[in-house]
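Remarks on the structure that follows.
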Amino acid sequence: MPEDTILDDFIQSMYIAAKGYRIVYEPEAYAAETASASIKEELKRKIRICAGGWQSIKRLSNRLSFRKAPVLYFQYLSHRVLRWTLNPFLMMLVFLANIPLASQNPFYRLLLLLQVIFYAASLAGYLLATKHLKIKVFFLPYYFCIMNYSVVMGLIRFLKGTQSGMWEKNKRMSASLS
């Protein structure tokens, strides 16, 4: 693998799967990690991962084939490619497209209202997070929006070539053992 590979664990496993080997679930495997210490730390981590997602799309484009591995190709396309490429842009497009539609149809008016409520909850989640408060009903929409923001910022880093393959360990919450 090239030294500048960002998501080396993912790329390596996909290279192996693309050669026809199976990657199987091990029910006895166990891994745990603590949450990032802050949204700022989580954002730093997610932007790096998303830059790596864009890089992996480029690097895997000539390795995966629907003809050779239709299930793997579908899984990769549906879970990784569409999420890393379309989701944040479709969110913006749907919101903007809904504005003129809302004036013509009650269904679209309702959808626009729900979108505004969702984004208002996200903004409330942000404001509460700045005060170190996490209220789930506000934090979840905020976190969802932050993750989609990470995809866009990851794309920018990928296109600029500013994301190194080396990564800095982010600060984590201390683990409490029960």
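Ligands are numbered from 1 in the order shown, residues from 1 within each chain, and chains are lettered A, B, ... in the order they appear in the structure tokens.
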
May I have all residues of range 14-94 of chain A that DSSP, computed from the backbone, assigns to alpha helix (DSSP H), given as a count of residues only?
46

Need to verify the contact set: Ser122 in chain A, 6 Å, only C-alpha atoms, exclusion of same-chain residues closer than 3 positions in sequence. Can you return it as number ranges by chain?
A: 119, 125, 138, 141-142

C-alpha atoms of the current selection, written as a PDB file, in the first residue's frame:
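Resulting contents of selection-v7.pdb:
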ATOM      1  CA  TYR A 119     -31.887  21.768  11.849  1.00  0.00           C
ATOM      2  CA  GLY A 125     -27.484  20.775  20.215  1.00  0.00           C
ATOM      3  CA  PHE A 138     -30.771  17.953  20.481  1.00  0.00           C
ATOM      4  CA  PRO A 141     -29.341  15.908  15.170  1.00  0.00           C
ATOM      5  CA  TYR A 142     -26.249  18.022  15.945  1.00  0.00           C
TER       6      TYR A 142
END

Per residue of range 64-129 of chain A within 12 Å of range 9-19 of chain A, what are the shortest atom pair and its distance in Å to one decimal, counting only C-alpha atoms, with rows by chain and residue number, as a tab-separated table?
residue	atom	partner	partner_atom	distance
A:Leu64	CA	A:Ala18	CA	5.8
A:Ser65	CA	A:Ala18	CA	8.0
A:Phe66	CA	A:Ala18	CA	10.4
A:Arg67	CA	A:Ala18	CA	11.4
A:Lys68	CA	A:Ala18	CA	8.4
A:Ala69	CA	A:Ala18	CA	7.4
A:Pro70	CA	A:Ala18	CA	10.7
A:Val71	CA	A:Ala17	CA	11.0
A:Leu72	CA	A:Ala17	CA	7.9
A:Tyr73	CA	A:Ala18	CA	9.0
A:Gln75	CA	A:Met14	CA	11.3
A:Tyr76	CA	A:Met14	CA	9.1
A:Arg80	CA	A:Phe10	CA	10.9

I need the chosen residues saved as a short mmCIF file (atom, residue, chain, number, x, y, z; two decimals), in the first residue's frame, with C-alpha atoms.
data_model
loop_
_atom_site.label_atom_id
_atom_site.label_comp_id
_atom_site.auth_asym_id
_atom_site.auth_seq_id
_atom_site.Cartn_x
_atom_site.Cartn_y
_atom_site.Cartn_z
CA LEU A 64 -13.61 -3.75 -7.29
CA SER A 65 -15.85 -5.14 -9.97
CA PHE A 66 -19.58 -5.86 -9.88
CA ARG A 67 -19.00 -8.73 -12.29
CA LYS A 68 -16.37 -10.41 -10.08
CA ALA A 69 -17.88 -9.75 -6.64
CA PRO A 70 -21.46 -8.44 -6.89
CA VAL A 71 -22.26 -8.69 -3.16
CA LEU A 72 -19.02 -7.03 -2.05
CA TYR A 73 -19.46 -4.35 -4.72
CA GLN A 75 -22.04 -3.53 0.07
CA TYR A 76 -19.17 -1.15 -0.62
CA ARG A 80 -19.35 3.53 1.90
#

Just the residues within 8 Å of range 41-44 of chain A, please, counting only C-alpha atoms, with nothing from its chain fewer than 3 positions along; format it as a ChimeraX atom specification.
/A:36-38,47-48,146-147,150,170-171

Export of prior selection with C-alpha atoms as a JSON list (two decimals), in the first residue's frame:
[["chain", "number", "residue", "atom", "x", "y", "z"],
["A", 36, "SER", "CA", -13.67, 11.35, 22.04],
["A", 37, "ALA", "CA", -13.12, 13.92, 24.78],
["A", 38, "SER", "CA", -15.04, 16.59, 22.86],
["A", 47, "ILE", "CA", -12.61, 14.63, 8.96],
["A", 48, "ARG", "CA", -9.48, 12.45, 8.73],
["A", 146, "ILE", "CA", -21.42, 17.29, 12.25],
["A", 147, "MET", "CA", -20.77, 13.90, 10.64],
["A", 150, "SER", "CA", -17.00, 16.00, 8.14],
["A", 170, "ASN", "CA", -7.25, 12.16, 19.52],
["A", 171, "LYS", "CA", -8.00, 12.91, 23.14]]

Would you compute the distance between CA of Leu112 in chain A and CA of Ala97 in chain A? Give it in Å to one decimal.
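Taking CA of Leu112 in chain A as the start and CA of Ala97 in chain A as the end point, the length is 9.6 Å.
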